[in-house]
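Okay, data-v9.txt now, which holds compact mmCIF, C-alpha atoms:
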```
# COMPACT_ATOMS: atom_id res chain seq x y z
CA MET V 1 20.30 -139.66 184.56
CA ARG V 2 18.03 -141.54 182.19
CA SER V 3 17.02 -138.36 180.35
CA THR V 4 20.73 -137.44 179.88
CA ILE V 5 21.38 -140.83 178.29
CA CYS V 6 18.32 -140.42 176.07
CA ILE V 7 19.43 -136.99 174.87
CA LEU V 8 22.97 -138.23 174.26
CA THR V 9 21.73 -141.23 172.26
CA LEU V 10 19.45 -139.02 170.19
CA ALA V 11 22.28 -136.57 169.51
CA LEU V 12 24.54 -139.43 168.38
CA ILE V 13 21.88 -140.86 166.06
CA ILE V 14 21.33 -137.44 164.47
CA ALA V 15 25.06 -136.72 164.15
CA SER V 16 26.18 -140.12 162.83
CA PRO V 17 25.00 -139.77 159.19
CA MET V 18 27.11 -136.59 158.97
CA GLY V 19 30.19 -138.66 159.71
CA GLU V 20 29.20 -141.21 157.08
CA ALA V 21 28.71 -138.72 154.28
CA ARG V 22 31.67 -138.47 151.95
CA THR V 23 31.65 -134.71 151.61
CA MET V 24 29.19 -131.90 151.88
CA PRO V 25 29.24 -129.55 148.88
CA ASN V 26 30.60 -126.21 149.86
CA PRO V 27 28.57 -123.48 148.11
CA ASN V 28 31.38 -120.95 148.61
CA GLN V 29 34.02 -123.07 146.90
CA LYS V 30 35.53 -121.46 143.79
CA PRO V 31 36.84 -123.49 140.83
CA ALA V 32 40.40 -124.79 141.00
CA PRO V 33 43.03 -122.25 139.82
CA GLY V 34 43.17 -122.14 136.01
CA ASN V 35 39.72 -123.74 135.80
CA GLU V 36 37.59 -120.64 136.38
CA THR V 37 36.06 -120.60 132.92
CA GLN V 38 33.30 -123.11 132.19
CA GLN V 39 34.64 -126.20 130.42
CA THR V 40 33.86 -126.69 126.72
CA PRO V 41 31.16 -129.38 126.42
CA ILE V 42 32.64 -132.53 124.91
CA HIS V 43 30.46 -132.41 121.75
CA LEU V 44 32.01 -129.01 120.94
CA ALA V 45 35.55 -129.78 122.07
CA ASN V 46 36.85 -131.38 118.83
CA TYR V 47 38.87 -134.05 120.61
CA SER V 48 40.26 -137.01 118.71
CA PRO V 49 38.37 -140.34 118.95
CA ALA V 50 41.16 -141.67 121.21
CA VAL V 51 40.63 -138.80 123.70
CA ASN V 52 36.84 -139.15 123.48
CA TYR V 53 37.26 -142.85 124.29
CA GLN V 54 39.32 -141.91 127.35
CA LEU V 55 36.79 -139.35 128.53
CA GLN V 56 33.60 -141.32 127.88
CA CYS V 57 34.46 -145.04 127.86
CA LEU V 58 37.84 -145.87 129.40
CA GLY V 59 36.71 -145.40 133.01
CA CYS V 60 34.79 -148.68 132.80
CA HIS V 61 36.00 -150.45 129.63
CA LEU V 62 39.65 -149.72 130.56
CA THR V 63 42.56 -148.69 128.36
CA ASN V 64 42.44 -151.43 125.70
CA GLY V 65 38.82 -152.50 126.11
CA GLU V 66 39.65 -155.20 128.66
CA GLY V 67 36.53 -154.27 130.65
CA ALA V 68 35.83 -155.41 134.20
CA PRO V 69 33.83 -158.63 133.79
CA ARG V 70 33.76 -159.11 137.57
CA HIS V 71 31.56 -156.00 137.67
CA ASP V 72 29.37 -156.63 134.61
CA ILE V 73 31.49 -154.59 132.21
CA PRO V 74 32.09 -156.82 129.16
CA MET V 75 35.45 -157.19 127.42
CA MET V 76 35.54 -155.58 123.94
CA LYS V 77 39.23 -156.23 123.21
CA GLY V 78 39.72 -158.47 120.18
CA PHE V 79 36.00 -159.29 120.02
CA VAL V 80 33.74 -156.26 119.55
CA GLY V 81 34.05 -156.41 115.72
CA ASN V 82 32.21 -159.75 115.69
CA PHE V 83 28.96 -157.90 116.37
CA LEU V 84 29.11 -156.58 112.81
CA LYS V 85 28.88 -160.13 111.45
CA VAL V 86 25.34 -160.79 112.74
CA GLU V 87 21.95 -159.25 112.13
CA GLY V 88 21.25 -156.29 114.42
CA GLY V 89 24.82 -156.20 115.70
CA ARG V 90 25.82 -153.12 113.73
CA GLU V 91 22.92 -151.14 115.20
CA PHE V 92 23.58 -152.62 118.65
CA LEU V 93 26.96 -150.86 118.88
CA ILE V 94 25.18 -147.51 118.38
CA ARG V 95 22.18 -148.29 120.59
CA VAL V 96 24.01 -149.84 123.57
CA PRO V 97 23.52 -147.42 126.52
CA GLY V 98 27.22 -146.55 126.96
CA ALA V 99 27.32 -145.32 123.35
CA SER V 100 23.83 -143.88 122.79
CA LEU V 101 23.72 -142.02 126.14
CA SER V 102 27.26 -140.65 125.91
CA ALA V 103 27.93 -136.92 125.64
CA LEU V 104 29.32 -137.36 122.10
CA SER V 105 27.70 -135.89 118.99
CA ASN V 106 26.50 -138.28 116.27
CA GLN V 107 29.55 -137.47 114.18
CA GLN V 108 31.91 -138.07 117.12
CA LEU V 109 30.20 -141.37 117.98
CA ALA V 110 30.54 -142.56 114.37
CA GLU V 111 34.23 -141.63 114.39
CA LEU V 112 34.78 -143.33 117.74
CA LEU V 113 33.15 -146.56 116.52
CA ASN V 114 35.25 -146.54 113.34
CA TRP V 115 38.38 -145.90 115.41
CA MET V 116 37.52 -148.74 117.78
CA LEU V 117 36.81 -151.20 114.95
CA ARG V 118 40.13 -150.69 113.20
CA ASP V 119 42.34 -153.78 112.98
CA ASP V 120 44.98 -152.04 115.12
CA GLY V 121 42.30 -150.77 117.51
CA ILE V 122 40.29 -152.36 120.29
CA ALA V 123 38.55 -154.71 117.83
CA GLY V 124 42.01 -156.13 117.04
CA GLY V 125 41.05 -157.69 113.69
CA SER V 126 37.66 -159.06 114.82
CA ALA V 127 35.72 -156.75 112.46
CA PRO V 128 34.82 -158.12 109.03
CA LYS V 129 37.29 -157.33 106.25
CA ASN V 130 34.67 -155.50 104.15
CA PHE V 131 33.58 -153.32 107.09
CA LYS V 132 31.77 -150.21 105.92
CA PRO V 133 32.54 -147.28 108.26
CA TYR V 134 29.72 -145.79 110.33
CA THR V 135 28.36 -142.43 109.21
CA GLU V 136 26.84 -139.55 111.16
CA GLN V 137 23.52 -140.23 109.41
CA GLU V 138 23.51 -143.87 110.43
CA VAL V 139 24.18 -142.98 114.08
CA GLU V 140 21.41 -140.40 114.01
CA THR V 141 18.91 -142.95 112.65
CA ASN V 142 19.67 -145.65 115.22
CA ARG V 143 20.75 -143.80 118.33
CA GLY V 144 17.27 -143.00 119.63
CA VAL V 145 15.92 -146.55 119.26
CA MET V 146 15.87 -147.98 122.76
CA ILE V 147 16.88 -151.57 123.49
CA LYS V 148 14.08 -152.77 125.72
CA ASP V 149 15.58 -156.07 126.94
CA LEU V 150 19.27 -155.18 126.99
CA ILE V 151 20.63 -158.42 128.44
CA GLY V 152 18.39 -160.67 126.34
CA HIS V 153 19.15 -158.67 123.20
CA ARG V 154 22.89 -158.94 123.77
CA GLN V 155 22.69 -162.65 124.58
CA ASN V 156 20.81 -163.22 121.34
CA LEU V 157 23.55 -161.47 119.38
CA ILE V 158 26.25 -163.51 121.17
CA GLU V 159 24.35 -166.72 120.29
CA GLN V 160 24.25 -165.68 116.64
CA ILE V 161 28.01 -165.08 116.77
CA ARG V 162 28.54 -168.46 118.39
CA ASN V 163 26.58 -170.06 115.53
CA LEU V 164 29.19 -168.68 113.12
CA ASN V 165 31.73 -170.94 114.90
CA ILE V 166 33.42 -167.94 116.51
CA ASP V 167 35.00 -168.57 119.90
CA ILE V 168 33.29 -166.55 122.70
CA PRO V 169 35.79 -165.68 125.47
CA ALA V 170 34.34 -165.91 128.98
CA ASP V 171 35.02 -162.20 129.68
CA VAL V 172 32.67 -161.19 126.85
CA ILE V 173 29.70 -162.52 128.84
CA PRO V 174 30.04 -160.91 132.28
CA MET E 1 70.83 -152.71 197.62
CA LYS E 2 73.76 -155.08 197.68
CA PHE E 3 71.67 -157.62 195.87
CA LEU E 4 70.94 -155.15 193.04
CA ASP E 5 74.61 -154.20 192.78
CA ARG E 6 75.64 -157.82 192.51
CA PHE E 7 72.89 -158.62 190.02
CA PHE E 8 73.84 -155.84 187.61
CA GLU E 9 77.57 -156.46 187.96
CA ARG E 10 77.12 -160.14 187.19
CA SER E 11 74.75 -159.66 184.29
CA SER E 12 76.90 -156.98 182.66
CA ARG E 13 80.02 -159.13 183.09
CA GLN E 14 78.10 -162.04 181.60
CA VAL E 15 77.20 -159.92 178.55
CA ALA E 16 80.78 -158.64 178.23
CA ASN E 17 82.13 -162.20 178.39
CA THR E 18 79.82 -163.77 175.88
CA THR E 19 79.56 -160.98 173.31
CA GLY E 20 81.97 -158.58 171.66
CA ARG E 21 81.39 -155.04 170.44
CA ARG E 22 82.21 -156.11 166.91
CA HIS E 23 79.72 -158.89 167.21
CA PHE E 24 77.09 -156.29 168.06
CA ILE E 25 78.10 -154.04 165.15
CA ALA E 26 77.97 -156.99 162.77
CA LYS E 27 74.52 -158.03 163.97
CA PHE E 28 73.24 -154.47 163.93
CA GLY E 29 74.66 -153.93 160.45
CA SER E 30 72.89 -156.95 159.03
CA LEU E 31 69.67 -155.87 160.74
CA VAL E 32 69.91 -152.44 159.07
CA ALA E 33 70.72 -154.03 155.71
CA VAL E 34 67.70 -156.33 155.93
CA GLY E 35 65.56 -153.41 157.05
CA VAL E 36 66.56 -151.39 154.01
CA ALA E 37 66.08 -154.30 151.62
CA ALA E 38 62.80 -155.52 153.11
CA PRO E 39 60.44 -153.15 151.27
CA VAL E 40 62.01 -154.26 147.97
CA LEU E 41 61.81 -157.95 148.80
CA LEU E 42 58.47 -158.14 150.57
CA PRO E 43 55.40 -159.01 148.50
CA ILE E 44 53.76 -155.58 148.47
CA ASP E 45 50.93 -154.73 146.06
CA ARG E 46 52.49 -152.23 143.65
CA THR E 47 49.56 -151.81 141.30
CA SER E 48 48.70 -148.41 142.74
CA LYS E 49 52.20 -147.22 141.86
CA ALA E 50 51.82 -148.51 138.32
CA LEU E 51 48.80 -146.23 137.91
CA ALA E 52 50.92 -143.12 138.38
CA ALA E 53 51.48 -141.36 135.09
CA GLY E 54 54.07 -138.68 134.31
CA ALA E 55 53.88 -135.15 135.62
CA PRO E 56 52.80 -132.38 133.25
CA SER E 57 55.71 -131.08 131.21
CA ALA E 58 55.42 -127.35 131.86
CA GLY E 59 55.29 -127.29 135.63
CA ASP E 60 52.85 -128.60 138.16
CA PRO E 61 52.00 -125.65 140.42
CA GLY E 62 50.11 -126.04 143.65
CA ASP E 63 49.98 -128.01 146.87
CA PRO E 64 48.80 -131.64 146.41
CA THR E 65 47.32 -131.61 149.91
CA SER E 66 45.03 -128.65 149.12
CA CYS E 67 41.67 -128.76 147.35
CA ASP E 68 42.93 -125.79 145.30
CA TYR E 69 45.53 -127.89 143.46
CA TRP E 70 44.53 -127.69 139.76
CA ARG E 71 44.42 -131.48 139.23
CA TYR E 72 41.64 -131.74 141.81
CA CYS E 73 39.26 -129.63 139.67
CA SER E 74 36.62 -132.40 139.76
CA VAL E 75 37.48 -134.36 142.86
CA ASP E 76 34.70 -135.25 145.30
CA GLY E 77 36.05 -137.02 148.35
CA PHE E 78 39.14 -137.23 150.52
CA LEU E 79 42.59 -136.51 149.08
CA CYS E 80 44.90 -139.53 149.30
CA ALA E 81 47.79 -137.06 149.68
CA CYS E 82 46.40 -136.36 153.18
CA CYS E 83 45.72 -140.02 153.97
CA GLY E 84 49.17 -141.61 153.80
CA GLY E 85 49.32 -141.87 150.02
CA SER E 86 50.00 -139.17 147.43
CA ALA E 87 48.12 -137.34 144.66
CA THR E 88 48.72 -140.40 142.45
CA THR E 89 49.20 -143.34 144.84
CA CYS E 90 46.86 -145.12 147.21
CA PRO E 91 47.77 -145.33 150.90
CA PRO E 92 49.20 -148.67 152.06
CA GLY E 93 46.53 -151.27 152.76
CA THR E 94 44.07 -149.94 150.19
CA GLU E 95 43.29 -151.16 146.69
CA ALA E 96 43.00 -148.79 143.73
CA SER E 97 39.76 -149.11 141.78
CA GLN E 98 40.55 -149.71 138.11
CA VAL E 99 36.98 -148.85 137.14
CA THR E 100 36.61 -145.12 137.58
CA TRP E 101 35.52 -141.87 135.99
CA ILE E 102 37.60 -139.50 133.92
CA GLY E 103 37.46 -135.75 133.40
CA THR E 104 39.69 -132.89 132.31
CA CYS E 105 41.42 -130.09 134.23
CA ARG E 106 43.35 -127.10 132.94
CA ASN E 107 46.90 -126.69 134.22
CA PRO E 108 47.37 -122.96 134.99
CA ALA E 109 51.12 -123.27 134.20
CA ASP E 110 50.62 -124.05 130.50
CA GLY E 111 46.89 -123.49 129.92
CA ILE E 112 46.54 -127.03 128.54
CA ASP E 113 43.63 -129.37 129.38
CA TYR E 114 44.82 -132.67 130.83
CA ILE E 115 42.84 -135.90 131.04
CA ILE E 116 42.53 -136.80 134.72
CA SER E 117 41.48 -140.17 136.09
CA TYR E 118 39.85 -140.05 139.54
CA ASN E 119 40.50 -143.49 140.99
CA ASP E 120 39.09 -144.32 144.41
CA CYS E 121 41.25 -146.16 146.92
CA CYS E 122 39.23 -148.78 148.72
CA GLY E 123 39.27 -151.36 151.47
CA LYS E 124 39.60 -149.15 154.55
CA ASN E 125 37.13 -146.85 156.28
CA SER E 126 36.79 -143.24 155.14
CA CYS E 127 40.02 -141.31 155.63
CA ASN E 128 38.15 -138.12 156.64
CA GLN E 129 41.12 -135.85 155.84
CA CYS E 130 41.12 -133.04 153.25
CA ALA E 131 37.52 -133.34 152.09
CA CYS E 132 37.10 -131.67 148.68
CA ALA E 133 33.96 -131.22 146.59
CA ARG E 134 34.94 -129.79 143.21
CA ASN E 135 32.78 -130.37 140.18
CA ASP E 136 34.44 -128.44 137.35
CA SER E 137 34.11 -131.24 134.75
CA GLU E 138 31.46 -133.33 136.42
CA GLU E 139 28.10 -134.28 134.89
CA PRO E 140 24.84 -135.32 136.58
CA LEU E 141 24.25 -138.82 137.96
CA TYR E 142 22.33 -139.93 134.85
CA ARG E 143 25.67 -139.77 133.04
CA PRO E 144 27.33 -142.14 135.52
CA PHE E 145 30.65 -142.32 133.65
CA ASN E 146 31.16 -138.58 134.25
CA ASN E 147 29.85 -138.41 137.79
CA ASN E 148 31.82 -138.12 141.01
CA ASP E 149 29.05 -138.87 143.51
CA ILE E 150 29.38 -142.55 142.71
CA ASN E 151 31.38 -144.79 145.01
CA TRP E 152 33.82 -146.09 142.38
CA CYS E 153 34.93 -148.80 144.78
CA LEU E 154 32.41 -150.90 142.87
CA GLY E 155 35.51 -151.89 140.87
CA THR E 156 37.42 -153.42 143.80
CA LYS E 157 37.13 -156.33 146.21
CA SER E 158 35.88 -154.16 149.06
CA ASN E 159 33.29 -151.43 148.60
CA LEU E 160 34.65 -149.36 151.50
CA TYR E 161 35.69 -145.92 150.23
CA HIS E 162 38.91 -144.50 151.70
CA CYS E 163 40.20 -141.66 149.47
CA THR E 164 40.66 -140.51 145.85
CA VAL E 165 43.77 -140.07 143.67
CA SER E 166 44.02 -137.83 140.57
CA ILE E 167 46.14 -139.36 137.83
CA ILE E 168 47.12 -137.60 134.60
CA LYS E 169 46.31 -139.88 131.64
CA GLY E 170 47.45 -137.50 128.92
CA VAL E 171 46.69 -134.26 127.12
CA ALA E 172 43.15 -133.68 125.78
CA ILE E 173 43.59 -132.89 122.08
```

In structure tokens, write the structure found in this file.
Amino acid sequence: MRSTICILTLALIIASPMGEARTMPNPNQKPAPGNETQQTPIHLANYSPAVNYQLQCLGCHLTNGEGAPRHDIPMMKGFVGNFLKVEGGREFLIRVPGASLSALSNQQLAELLNWMLRDDGIAGGSAPKNFKPYTEQEVETNRGVMIKDLIGHRQNLIEQIRNLNIDIPADVIP
Amino acid sequence: MKFLDRFFERSSRQVANTTGRRHFIAKFGSLVAVGVAAPVLLPIDRTSKALAAGAPSAGDPGDPTSCDYWRYCSVDGFLCACCGGSATTCPPGTEASQVTWIGTCRNPADGIDYIISYNDCCGKNSCNQCACARNDSEEPLYRPFNNNDINWCLGTKSNLYHCTVSIIKGVAI
């Protein structure tokens, strides 16, 4: 009797993680109909900056850059342009992990930043009036420079912005 | 036996005396009317419905409860269409994660690449129906914003994963 219970318990312990797993990859599964050919990598796909934003940023920063401050994703809407007003802020927008580690080419990242910083874009007029657009060269120069203390670095930039008497909405500091 | 006879006779006469058939129809009618109106009036969370975008213009071939449906080209998880929801809506009692990952799938009807948002529905235990593991536009875990092994319920109140919806955000051009 006792050995039966032992075996049963052991079997249940071994089987239970299987039930927990979301899905097991099926090696025999073919691509969905119409999707048999390998997808074009995003840096070769020639999508518009708006589509690239959807594919690489929107999942977390949401449609208009609202972000999800409750989950450490800062709001960019109506604020992100202020980074250009302080020292190191212009480079920060290239070096921040979401941008520098994205699948976009340097040219595409420059275009996406310029698109985002437009007055009718996510920046919503927060960028300086004399804003000089990003270039492919500039992205290439700065993209590989790692930010070692990401949170401290960002906080420092926010403090500099605050010192310019610019209002810092709570959602910008998640 | 006599007792039973008397009991039923009395109780049925009592009912016949105190109520009318019209009274019953009137009551029943109002009950039906309230029943129909209730879903509209009750405070139900409709955010999941608001997530649903339009269908592709040139046809939408396939069965939304099958992993072979074209929109599911990068889905990794349980299909909400098999869990009491639909391809674009979360089942009742779950919350749609706003934070998510986004990929593209080609619609075989028009050969166009659509932008698909894979939102997880959260707050109930795993649905365990229609498990799919497609990775046609997925990237490795070190590119988290293009990865489907992540529990995207990190964007909701509860981290319990229930199922995944596939919402068309637009055309990739």

Completion exercise
Of V:Gln160, V:Gln39, V:Ser102, V:Ser126, the one sitting nearest Glu87 (chain V) when using all atoms listed in the file is V:Gln160

Practice task
Identify which of the residues E:His162, E:Lys157, E:Arg143, E:Lys169 lies closest to Pro97 (chain V), counting only C-alpha atoms when measuring atom-to-atom distances.
Solution key: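 Using only C-alpha atoms, the shortest distance to Pro97 (chain V) belongs to E:Arg143.
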
Practice task
Considering all atoms listed in the file, return as an NGL selection string whatever protein or nucleic-acid residues lie within 7 Å of region 132-144 of chain V, sequence-local ones (same chain, fewer than 5 positions apart) excluded.
Solution key: :V and (91 or 94-95 or 100 or 106-107 or 110 or 114)

Practice task
Do me a favour and pick out the residues of chain V within 8 Å of chain E, using all atoms listed in the file, as a ChimeraX atom specification.
Solution key: /V:22-26,29,31-35,38-39,46-48,51,54-62,68,71,101-102

Practice task
For Ala87 (chain E), work out the shell of residues within 8 Å, counting all atoms listed in the file and skipping chain neighbours fewer than 5 positions away, then give it as a list in words.
Solution key: Pro64, Thr65, Leu79, Cys80, Ala81, Val165, Ser166 and Ile167 of chain E

Exercise for the section: To one decimal in Å, tell me the separation between CA of Asp60 (chain E) and CA of Thr94 (chain E). Expected result: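 Computed distance, CA of Asp60 (chain E) to CA of Thr94 (chain E), equals 26.0 Å.
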
Exercise for the section: Measuring atom to atom with only C-alpha atoms, identify which of V:Ile73, V:Ala170, V:Leu93, V:Leu164 is nearest to Leu112 (chain V). Expected result: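 Checking each candidate against Leu112 (chain V), we get V:Leu93 as the closest.
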
Exercise for the section: In the coordinate frame of the file, compute which residues have an atom within 10 Å of (46.1, -150.4, 157.1) when using all atoms listed in the file, and state them as a PyMOL selection string. Expected result: chain E and resi 84+91-94+123-125

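Here CA of Leu160 (chain E) is placed at a distance of 8.6 Å from CA of Cys121 (chain E).
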
Handout entry: For CA of Asp63 (chain E) and CA of Thr164 (chain E), the interatomic separation in Å (one decimal)
Key =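 Separating CA of Asp63 (chain E) from CA of Thr164 (chain E) is a distance of 15.6 Å.
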
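Residue neighbourhood of region 118-124 of chain V, excluding near-sequence residues (fewer than 4 positions): Ala50, Thr63, Asn64, Gly65, Glu66, Met75, Met76, Lys77, Gly78, Phe79, Val80, Gly81, Asn82, Leu113, Asn114, Pro128, Lys129, Phe131 and Pro133 of chain V, at 10 Å, using only C-alpha atoms.
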
Exercise for the section: Compare E:Thr19, E:Pro140, E:Ser66, E:Asp120 by their minimum atom-to-atom distance to Thr89 (chain E), counting all atoms listed in the file, and give me the closest one. Expected result: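 So, comparing all the options, the nearest one is E:Asp120.
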